[in-house]
>>> print(open('target.csv').read())   # CSV, N, CA and C atoms
chain,number,residue,atom,x,y,z
A,1,MET,N,19.8,10.4,3.6
A,1,MET,CA,18.6,9.6,3.9
A,1,MET,C,17.4,10.5,4.1
A,2,LYS,N,16.3,10.2,3.5
A,2,LYS,CA,15.1,11.0,3.5
A,2,LYS,C,13.9,10.2,4.1
A,3,ARG,N,13.1,10.8,4.9
A,3,ARG,CA,11.9,10.2,5.4
A,3,ARG,C,10.8,10.2,4.3
A,4,LEU,N,10.3,9.0,4.0
A,4,LEU,CA,9.3,8.9,2.9
A,4,LEU,C,7.9,8.9,3.5
A,5,ILE,N,7.6,8.1,4.5
A,5,ILE,CA,6.2,8.1,5.1
A,5,ILE,C,6.3,7.8,6.6
A,6,SER,N,5.3,8.2,7.3
A,6,SER,CA,5.0,7.7,8.6
A,6,SER,C,3.5,7.3,8.6
A,7,HIS,N,3.2,6.3,9.4
A,7,HIS,CA,1.9,5.7,9.4
A,7,HIS,C,1.6,5.0,10.7
A,8,GLU,N,0.4,5.0,11.1
A,8,GLU,CA,0.0,4.4,12.4
A,8,GLU,C,0.1,2.9,12.4
A,9,SER,N,0.1,2.3,11.2
A,9,SER,CA,0.2,0.9,11.0
A,9,SER,C,1.6,0.4,10.6
A,10,LEU,N,2.2,-0.4,11.5
A,10,LEU,CA,3.5,-0.9,11.2
A,10,LEU,C,3.4,-1.9,10.0
A,11,ALA,N,2.3,-2.6,9.9
A,11,ALA,CA,2.1,-3.5,8.8
A,11,ALA,C,2.1,-2.8,7.5
A,12,HIS,N,1.5,-1.6,7.4
A,12,HIS,CA,1.4,-0.8,6.2
A,12,HIS,C,2.9,-0.3,5.9
A,13,VAL,N,3.6,0.1,6.8
A,13,VAL,CA,5.0,0.6,6.6
A,13,VAL,C,5.8,-0.6,6.1
A,14,GLY,N,5.6,-1.8,6.7
A,14,GLY,CA,6.3,-3.0,6.2
A,14,GLY,C,6.0,-3.4,4.8
A,15,HIS,N,4.7,-3.2,4.5
A,15,HIS,CA,4.2,-3.5,3.1
A,15,HIS,C,4.9,-2.6,2.1
A,16,VAL,N,4.9,-1.3,2.4
A,16,VAL,CA,5.6,-0.3,1.5
A,16,VAL,C,7.1,-0.6,1.4
A,17,ARG,N,7.7,-1.0,2.5
A,17,ARG,CA,9.1,-1.3,2.5
A,17,ARG,C,9.4,-2.5,1.6
A,18,ASN,N,8.5,-3.5,1.7
A,18,ASN,CA,8.7,-4.7,0.8
A,18,ASN,C,8.6,-4.3,-0.7
A,19,LEU,N,7.6,-3.4,-1.0
A,19,LEU,CA,7.4,-3.0,-2.4
A,19,LEU,C,8.6,-2.3,-2.9
A,20,LEU,N,9.2,-1.4,-2.1
A,20,LEU,CA,10.3,-0.6,-2.5
A,20,LEU,C,11.6,-1.5,-2.6
A,21,GLU,N,11.8,-2.4,-1.7
A,21,GLU,CA,12.9,-3.3,-1.8
A,21,GLU,C,12.9,-4.2,-3.0
A,22,GLN,N,11.7,-4.6,-3.4
A,22,GLN,CA,11.5,-5.4,-4.6
A,22,GLN,C,11.9,-4.6,-5.8
A,23,SER,N,11.8,-3.3,-5.7
A,23,SER,CA,12.1,-2.4,-6.8
A,23,SER,C,13.5,-1.9,-6.8
A,24,GLY,N,14.3,-2.5,-5.8
A,24,GLY,CA,15.7,-2.1,-5.7
A,24,GLY,C,16.0,-0.8,-5.0
A,25,ILE,N,15.0,-0.4,-4.2
A,25,ILE,CA,15.2,0.8,-3.4
A,25,ILE,C,15.5,0.4,-1.9
A,26,ALA,N,16.7,0.8,-1.4
A,26,ALA,CA,17.1,0.5,-0.1
A,26,ALA,C,16.4,1.4,0.9
A,27,CYS,N,15.8,0.8,1.9
A,27,CYS,CA,15.1,1.7,2.9
A,27,CYS,C,15.2,1.0,4.3
A,28,LEU,N,14.8,1.8,5.3
A,28,LEU,CA,14.8,1.3,6.7
A,28,LEU,C,13.6,1.8,7.4
A,29,VAL,N,13.2,1.1,8.4
A,29,VAL,CA,12.0,1.5,9.3
A,29,VAL,C,12.6,2.0,10.6
A,30,LYS,N,12.1,3.2,11.0
A,30,LYS,CA,12.5,3.8,12.3
A,30,LYS,C,11.2,3.8,13.2
A,31,ASN,N,11.4,3.8,14.5
A,31,ASN,CA,10.3,3.8,15.5
A,31,ASN,C,9.6,2.5,15.5
A,32,GLU,N,10.2,1.4,15.0
A,32,GLU,CA,9.5,0.1,15.0
A,32,GLU,C,9.0,-0.4,16.4
A,33,GLN,N,9.8,-0.1,17.4
A,33,GLN,CA,9.5,-0.6,18.7
A,33,GLN,C,9.0,0.5,19.7
A,34,LEU,N,8.6,1.7,19.2
A,34,LEU,CA,8.2,2.7,20.1
A,34,LEU,C,6.8,2.7,20.6
A,35,SER,N,5.9,1.8,20.0
A,35,SER,CA,4.5,1.8,20.4
A,35,SER,C,4.4,1.5,21.9
A,36,GLY,N,5.3,0.8,22.5
A,36,GLY,CA,5.3,0.6,24.0
A,36,GLY,C,5.5,1.9,24.8
A,37,GLY,N,6.0,2.9,24.2
A,37,GLY,CA,6.3,4.1,24.9
A,37,GLY,C,5.1,5.1,24.8
A,38,LEU,N,4.1,4.7,24.1
A,38,LEU,CA,2.9,5.6,24.0
A,38,LEU,C,2.4,6.1,25.3
A,39,GLY,N,2.2,7.4,25.4
A,39,GLY,CA,1.7,7.9,26.7
A,39,GLY,C,2.9,8.7,27.4
A,40,GLU,N,4.0,8.1,27.4
A,40,GLU,CA,5.2,8.7,27.9
A,40,GLU,C,5.9,9.6,26.8
A,41,ILE,N,5.7,9.1,25.5
A,41,ILE,CA,6.3,9.8,24.3
A,41,ILE,C,5.1,10.3,23.5
A,42,PRO,N,5.1,11.5,23.0
A,42,PRO,CA,4.0,12.0,22.2
A,42,PRO,C,3.6,11.0,21.0
A,43,PHE,N,2.3,10.9,20.8
A,43,PHE,CA,1.8,10.0,19.7
A,43,PHE,C,2.5,10.1,18.4
A,44,LEU,N,2.7,11.3,17.9
A,44,LEU,CA,3.2,11.5,16.6
A,44,LEU,C,4.7,11.1,16.5
A,45,GLU,N,5.4,11.1,17.6
A,45,GLU,CA,6.8,10.7,17.7
A,45,GLU,C,7.0,9.2,17.7
A,46,CYS,N,5.9,8.5,18.0
A,46,CYS,CA,5.9,7.0,18.1
A,46,CYS,C,5.6,6.3,16.8
A,47,LEU,N,5.1,7.1,15.8
A,47,LEU,CA,4.6,6.4,14.5
A,47,LEU,C,5.8,5.8,13.8
A,48,PRO,N,5.6,4.6,13.3
A,48,PRO,CA,6.6,4.0,12.4
A,48,PRO,C,6.9,4.9,11.2
A,49,GLU,N,8.1,5.0,10.9
A,49,GLU,CA,8.5,5.8,9.7
A,49,GLU,C,9.3,5.0,8.7
A,50,LEU,N,9.2,5.2,7.5
A,50,LEU,CA,10.0,4.6,6.4
A,50,LEU,C,10.9,5.6,5.8
A,51,TRP,N,12.1,5.3,5.7
A,51,TRP,CA,13.2,6.2,5.2
A,51,TRP,C,13.8,5.5,4.0
A,52,VAL,N,14.1,6.3,2.9
A,52,VAL,CA,14.9,5.8,1.8
A,52,VAL,C,16.4,6.1,2.1
A,53,VAL,N,17.3,5.1,1.9
A,53,VAL,CA,18.7,5.3,2.2
A,53,VAL,C,19.3,6.3,1.3
A,54,LYS,N,19.1,6.3,0.0
A,54,LYS,CA,19.7,7.2,-0.9
A,54,LYS,C,18.7,8.3,-1.3
A,55,ASP,N,19.1,9.5,-1.1
A,55,ASP,CA,18.2,10.7,-1.4
A,55,ASP,C,17.7,10.6,-2.8
A,56,SER,N,18.6,10.1,-3.7
A,56,SER,CA,18.2,10.1,-5.2
A,56,SER,C,17.1,9.1,-5.5
A,57,ASP,N,16.8,8.2,-4.5
A,57,ASP,CA,15.7,7.3,-4.7
A,57,ASP,C,14.3,7.8,-4.3
A,58,LEU,N,14.3,9.0,-3.7
A,58,LEU,CA,13.0,9.5,-3.1
A,58,LEU,C,11.9,9.7,-4.1
A,59,ALA,N,12.2,10.3,-5.2
A,59,ALA,CA,11.1,10.6,-6.2
A,59,ALA,C,10.6,9.3,-6.8
A,60,ARG,N,11.4,8.3,-7.1
A,60,ARG,CA,11.0,7.0,-7.6
A,60,ARG,C,10.1,6.3,-6.5
A,61,ALA,N,10.6,6.3,-5.3
A,61,ALA,CA,9.8,5.7,-4.2
A,61,ALA,C,8.4,6.3,-4.1
A,62,GLN,N,8.4,7.6,-4.1
A,62,GLN,CA,7.1,8.3,-4.0
A,62,GLN,C,6.2,7.9,-5.2
A,63,ALA,N,6.7,7.8,-6.4
A,63,ALA,CA,5.9,7.4,-7.6
A,63,ALA,C,5.4,5.9,-7.4
A,64,LEU,N,6.2,5.1,-6.9
A,64,LEU,CA,5.8,3.7,-6.6
A,64,LEU,C,4.6,3.6,-5.6
A,65,ILE,N,4.7,4.5,-4.6
A,65,ILE,CA,3.6,4.5,-3.6
A,65,ILE,C,2.4,5.0,-4.2
A,66,ARG,N,2.5,6.1,-5.0
A,66,ARG,CA,1.3,6.6,-5.7
A,66,ARG,C,0.6,5.5,-6.6
A,67,ASP,N,1.4,4.8,-7.3
A,67,ASP,CA,0.9,3.7,-8.2
A,67,ASP,C,0.3,2.6,-7.4
A,68,MET,N,0.9,2.3,-6.2
A,68,MET,CA,0.3,1.3,-5.4
A,68,MET,C,-1.1,1.7,-4.8
A,69,GLU,N,-1.2,3.0,-4.4
A,69,GLU,CA,-2.4,3.5,-3.9
A,69,GLU,C,-3.5,3.5,-4.9
A,70,GLN,N,-3.2,3.9,-6.1
A,70,GLN,CA,-4.2,4.0,-7.2
A,70,GLN,C,-4.7,2.6,-7.6
A,71,THR,N,-3.8,1.6,-7.7
A,71,THR,CA,-4.3,0.2,-8.0
A,71,THR,C,-5.0,-0.4,-6.9
A,72,ALA,N,-4.8,0.1,-5.7
A,72,ALA,CA,-5.5,-0.5,-4.5
A,72,ALA,C,-6.9,0.1,-4.3
A,73,ALA,N,-7.2,1.1,-5.1
A,73,ALA,CA,-8.5,1.7,-4.9
A,73,ALA,C,-9.6,0.7,-5.2
A,74,PRO,N,-10.6,0.7,-4.3
A,74,PRO,CA,-11.7,-0.2,-4.5
A,74,PRO,C,-12.5,0.1,-5.8
A,75,ARG,N,-13.0,-1.0,-6.5
A,75,ARG,CA,-13.8,-0.8,-7.7
A,75,ARG,C,-15.2,-0.9,-7.3
A,76,GLY,N,-16.1,-0.4,-8.1
A,76,GLY,CA,-17.5,-0.6,-7.9
A,76,GLY,C,-18.0,-1.9,-8.5
A,77,PRO,N,-19.3,-2.2,-8.3
A,77,PRO,CA,-19.9,-3.4,-8.9
A,77,PRO,C,-19.8,-3.4,-10.4
A,78,TRP,N,-19.8,-4.5,-11.0
A,78,TRP,CA,-19.8,-4.7,-12.4
A,78,TRP,C,-20.7,-5.8,-12.9
A,79,ARG,N,-21.2,-5.7,-14.2
A,79,ARG,CA,-22.1,-6.6,-14.7
A,79,ARG,C,-21.4,-7.5,-15.7
A,80,CYS,N,-21.6,-8.8,-15.6
A,80,CYS,CA,-20.9,-9.8,-16.5
A,80,CYS,C,-21.4,-9.6,-17.9
A,81,ARG,N,-20.5,-9.6,-18.9
A,81,ARG,CA,-20.9,-9.4,-20.3
A,81,ARG,C,-21.4,-10.8,-20.8
A,82,ARG,N,-21.0,-11.9,-20.2
A,82,ARG,CA,-21.5,-13.2,-20.7
A,82,ARG,C,-22.9,-13.5,-20.3
A,83,CYS,N,-23.1,-13.4,-18.9
A,83,CYS,CA,-24.4,-13.9,-18.4
A,83,CYS,C,-25.3,-12.8,-17.8
A,84,GLY,N,-24.7,-11.6,-17.7
A,84,GLY,CA,-25.5,-10.5,-17.2
A,84,GLY,C,-25.6,-10.4,-15.7
A,85,GLU,N,-24.9,-11.2,-15.0
A,85,GLU,CA,-25.0,-11.3,-13.5
A,85,GLU,C,-24.3,-10.0,-12.9
A,86,SER,N,-24.8,-9.5,-11.8
A,86,SER,CA,-24.2,-8.4,-11.1
A,86,SER,C,-23.2,-8.9,-10.1
A,87,ASN,N,-22.0,-8.4,-10.1
A,87,ASN,CA,-20.9,-8.8,-9.3
A,87,ASN,C,-20.3,-7.7,-8.4
A,88,GLU,N,-19.8,-8.0,-7.2
A,88,GLU,CA,-19.2,-6.9,-6.4
A,88,GLU,C,-17.8,-6.6,-7.0
A,89,GLY,N,-17.4,-5.4,-6.7
A,89,GLY,CA,-16.1,-4.9,-7.3
A,89,GLY,C,-14.9,-5.7,-7.0
A,90,GLN,N,-14.8,-6.4,-5.8
A,90,GLN,CA,-13.6,-7.1,-5.5
A,90,GLN,C,-13.4,-8.4,-6.3
A,91,PHE,N,-14.4,-8.8,-7.0
A,91,PHE,CA,-14.3,-10.0,-7.8
A,91,PHE,C,-13.8,-9.8,-9.2
A,92,ALA,N,-12.8,-10.5,-9.6
A,92,ALA,CA,-12.2,-10.4,-11.0
A,92,ALA,C,-12.9,-11.3,-12.0
A,93,ALA,N,-13.7,-12.2,-11.5
A,93,ALA,CA,-14.5,-13.1,-12.3
A,93,ALA,C,-15.9,-13.2,-11.8
A,94,CYS,N,-16.8,-13.5,-12.7
A,94,CYS,CA,-18.2,-13.6,-12.4
A,94,CYS,C,-18.4,-14.8,-11.5
A,95,TRP,N,-19.2,-14.6,-10.4
A,95,TRP,CA,-19.4,-15.7,-9.5
A,95,TRP,C,-20.4,-16.7,-10.1
A,96,GLN,N,-21.2,-16.3,-11.1
A,96,GLN,CA,-22.2,-17.1,-11.7
A,96,GLN,C,-21.7,-18.1,-12.8
A,97,CYS,N,-20.9,-17.5,-13.7
A,97,CYS,CA,-20.4,-18.3,-14.9
A,97,CYS,C,-18.9,-18.4,-15.0
A,98,GLY,N,-18.2,-17.6,-14.1
A,98,GLY,CA,-16.7,-17.7,-14.1
A,98,GLY,C,-16.0,-16.8,-15.2
A,99,ALA,N,-16.8,-16.1,-16.0
A,99,ALA,CA,-16.1,-15.2,-17.0
A,99,ALA,C,-15.3,-14.1,-16.3
A,100,ALA,N,-14.2,-13.8,-16.9
A,100,ALA,CA,-13.4,-12.7,-16.4
A,100,ALA,C,-14.0,-11.3,-16.6
A,101,ASP,N,-13.8,-10.4,-15.7
A,101,ASP,CA,-14.2,-9.0,-15.8
A,101,ASP,C,-13.3,-8.4,-16.8
A,102,GLU,N,-13.8,-8.0,-18.0
A,102,GLU,CA,-13.0,-7.4,-19.0
A,102,GLU,C,-13.0,-5.9,-19.0
A,103,SER,N,-13.7,-5.3,-18.0
A,103,SER,CA,-13.8,-3.8,-17.9
A,103,SER,C,-12.6,-3.2,-17.3
A,104,GLY,N,-11.7,-4.0,-16.6
A,104,GLY,CA,-10.6,-3.3,-16.1
A,104,GLY,C,-10.0,-3.7,-14.9
>>> encode(input="target.csv", output="structure tokens")
Amino acid sequence: MKRLISHESLAHVGHVRNLLEQSGIACLVKNEQLSGGLGEIPFLECLPELWVVKDSDLARAQALIRDMEQTAAPRGPWRCRRCGESNEGQFAACWQCGAADESG
């Protein structure tokens, strides 16, 4: 068993666990309940950790996390090719005319 990540957000660790389990990688979360011990236990020892059960899955799990982080990167504003309207990066379609963003 190998530790994959530790993170201050249990929600983030849970999200990554779900991603890995959907890809067939068995994993488990450690320190899920330790946040109540903060102050008595050093901060870094209370962070939720995600561990892969099989050592052989570690490299694939790391690659999946890298892919997730790259696709989650925020995009910049874009201009609609149909009507010319400026749109914020989080929108996949133009708010003015509804055309899909074809840039990526």
>>> residues_around(input="target.csv", residues="Cys80 in chain A", least_positions_apart="3", cutoff="8 Å", atoms="only N, CA and C atoms", output="PyMOL selection string")
chain A and resi 77+83-87+93-95+99-102
>>> select_by_dssp(input="target.csv", residues="chain A", states="alpha helix (DSSP H)", output="PyMOL selection string")
chain A and resi 10-22+43-46+58-71
>>> residues_around(input="target.csv", residues="Leu28 in chain A", least_positions_apart="2", cutoff="7 Å", atoms="all atoms listed in the file", output="list in words")
Ala26, Lys30, Glu49, Leu50, Trp51, Val52 and Val53 of chain A
>>> residues_around(input="target.csv", residues="Val13 in chain A", least_positions_apart="5", cutoff="8 Å", atoms="all atoms listed in the file", output="PyMOL selection string")
chain A and resi 5-8+18-19+29+48-50
>>> write_last_selection(input="target.csv", atoms="N, CA and C atoms", output="PDB file, in the frame of the given file")
ATOM      1  N   ILE A   5       7.600   8.100   4.500  1.00  0.00           N
ATOM      2  CA  ILE A   5       6.200   8.100   5.100  1.00  0.00           C
ATOM      3  C   ILE A   5       6.300   7.800   6.600  1.00  0.00           C
ATOM      4  N   SER A   6       5.300   8.200   7.300  1.00  0.00           N
ATOM      5  CA  SER A   6       5.000   7.700   8.600  1.00  0.00           C
ATOM      6  C   SER A   6       3.500   7.300   8.600  1.00  0.00           C
ATOM      7  N   HIS A   7       3.200   6.300   9.400  1.00  0.00           N
ATOM      8  CA  HIS A   7       1.900   5.700   9.400  1.00  0.00           C
ATOM      9  C   HIS A   7       1.600   5.000  10.700  1.00  0.00           C
ATOM     10  N   GLU A   8       0.400   5.000  11.100  1.00  0.00           N
ATOM     11  CA  GLU A   8       0.000   4.400  12.400  1.00  0.00           C
ATOM     12  C   GLU A   8       0.100   2.900  12.400  1.00  0.00           C
ATOM     13  N   ASN A  18       8.500  -3.500   1.700  1.00  0.00           N
ATOM     14  CA  ASN A  18       8.700  -4.700   0.800  1.00  0.00           C
ATOM     15  C   ASN A  18       8.600  -4.300  -0.700  1.00  0.00           C
ATOM     16  N   LEU A  19       7.600  -3.400  -1.000  1.00  0.00           N
ATOM     17  CA  LEU A  19       7.400  -3.000  -2.400  1.00  0.00           C
ATOM     18  C   LEU A  19       8.600  -2.300  -2.900  1.00  0.00           C
ATOM     19  N   VAL A  29      13.200   1.100   8.400  1.00  0.00           N
ATOM     20  CA  VAL A  29      12.000   1.500   9.300  1.00  0.00           C
ATOM     21  C   VAL A  29      12.600   2.000  10.600  1.00  0.00           C
ATOM     22  N   PRO A  48       5.600   4.600  13.300  1.00  0.00           N
ATOM     23  CA  PRO A  48       6.600   4.000  12.400  1.00  0.00           C
ATOM     24  C   PRO A  48       6.900   4.900  11.200  1.00  0.00           C
ATOM     25  N   GLU A  49       8.100   5.000  10.900  1.00  0.00           N
ATOM     26  CA  GLU A  49       8.500   5.800   9.700  1.00  0.00           C
ATOM     27  C   GLU A  49       9.300   5.000   8.700  1.00  0.00           C
ATOM     28  N   LEU A  50       9.200   5.200   7.500  1.00  0.00           N
ATOM     29  CA  LEU A  50      10.000   4.600   6.400  1.00  0.00           C
ATOM     30  C   LEU A  50      10.900   5.600   5.800  1.00  0.00           C
TER      31      LEU A  50
END
>>> closest_residue(input="target.csv", among="A:Glu69, A:Asp55, A:Glu45, A:Glu32", to="Gly14 in chain A", atoms="only C-alpha atoms")
A:Glu32
>>> atom_distance(input="target.csv", atom1="atom N of Leu10 in chain A", atom2="atom C of Glu88 in chain A")
27.9 Å
>>> residues_around(input="target.csv", residues="Leu58 in chain A", least_positions_apart="5", cutoff="8 Å", atoms="all atoms listed in the file", output="list in words")
Lys2, Arg3, Leu4, Val52, Val53, Ala63 and Leu64 of chain A
>>> select_by_dssp(input="target.csv", residues="range 8-91 of chain A", states="strand (DSSP E or B)", output="VMD selection string")
chain A and resid 27 to 30 38 41 49 to 52 78 to 79 86 to 87
>>> atom_distance(input="target.csv", atom1="CA of Gln70 in chain A", atom2="CA of Val16 in chain A")
13.8 Å
>>> atom_distance(input="target.csv", atom1="CA of Gln33 in chain A", atom2="atom C of Gln62 in chain A")
25.6 Å
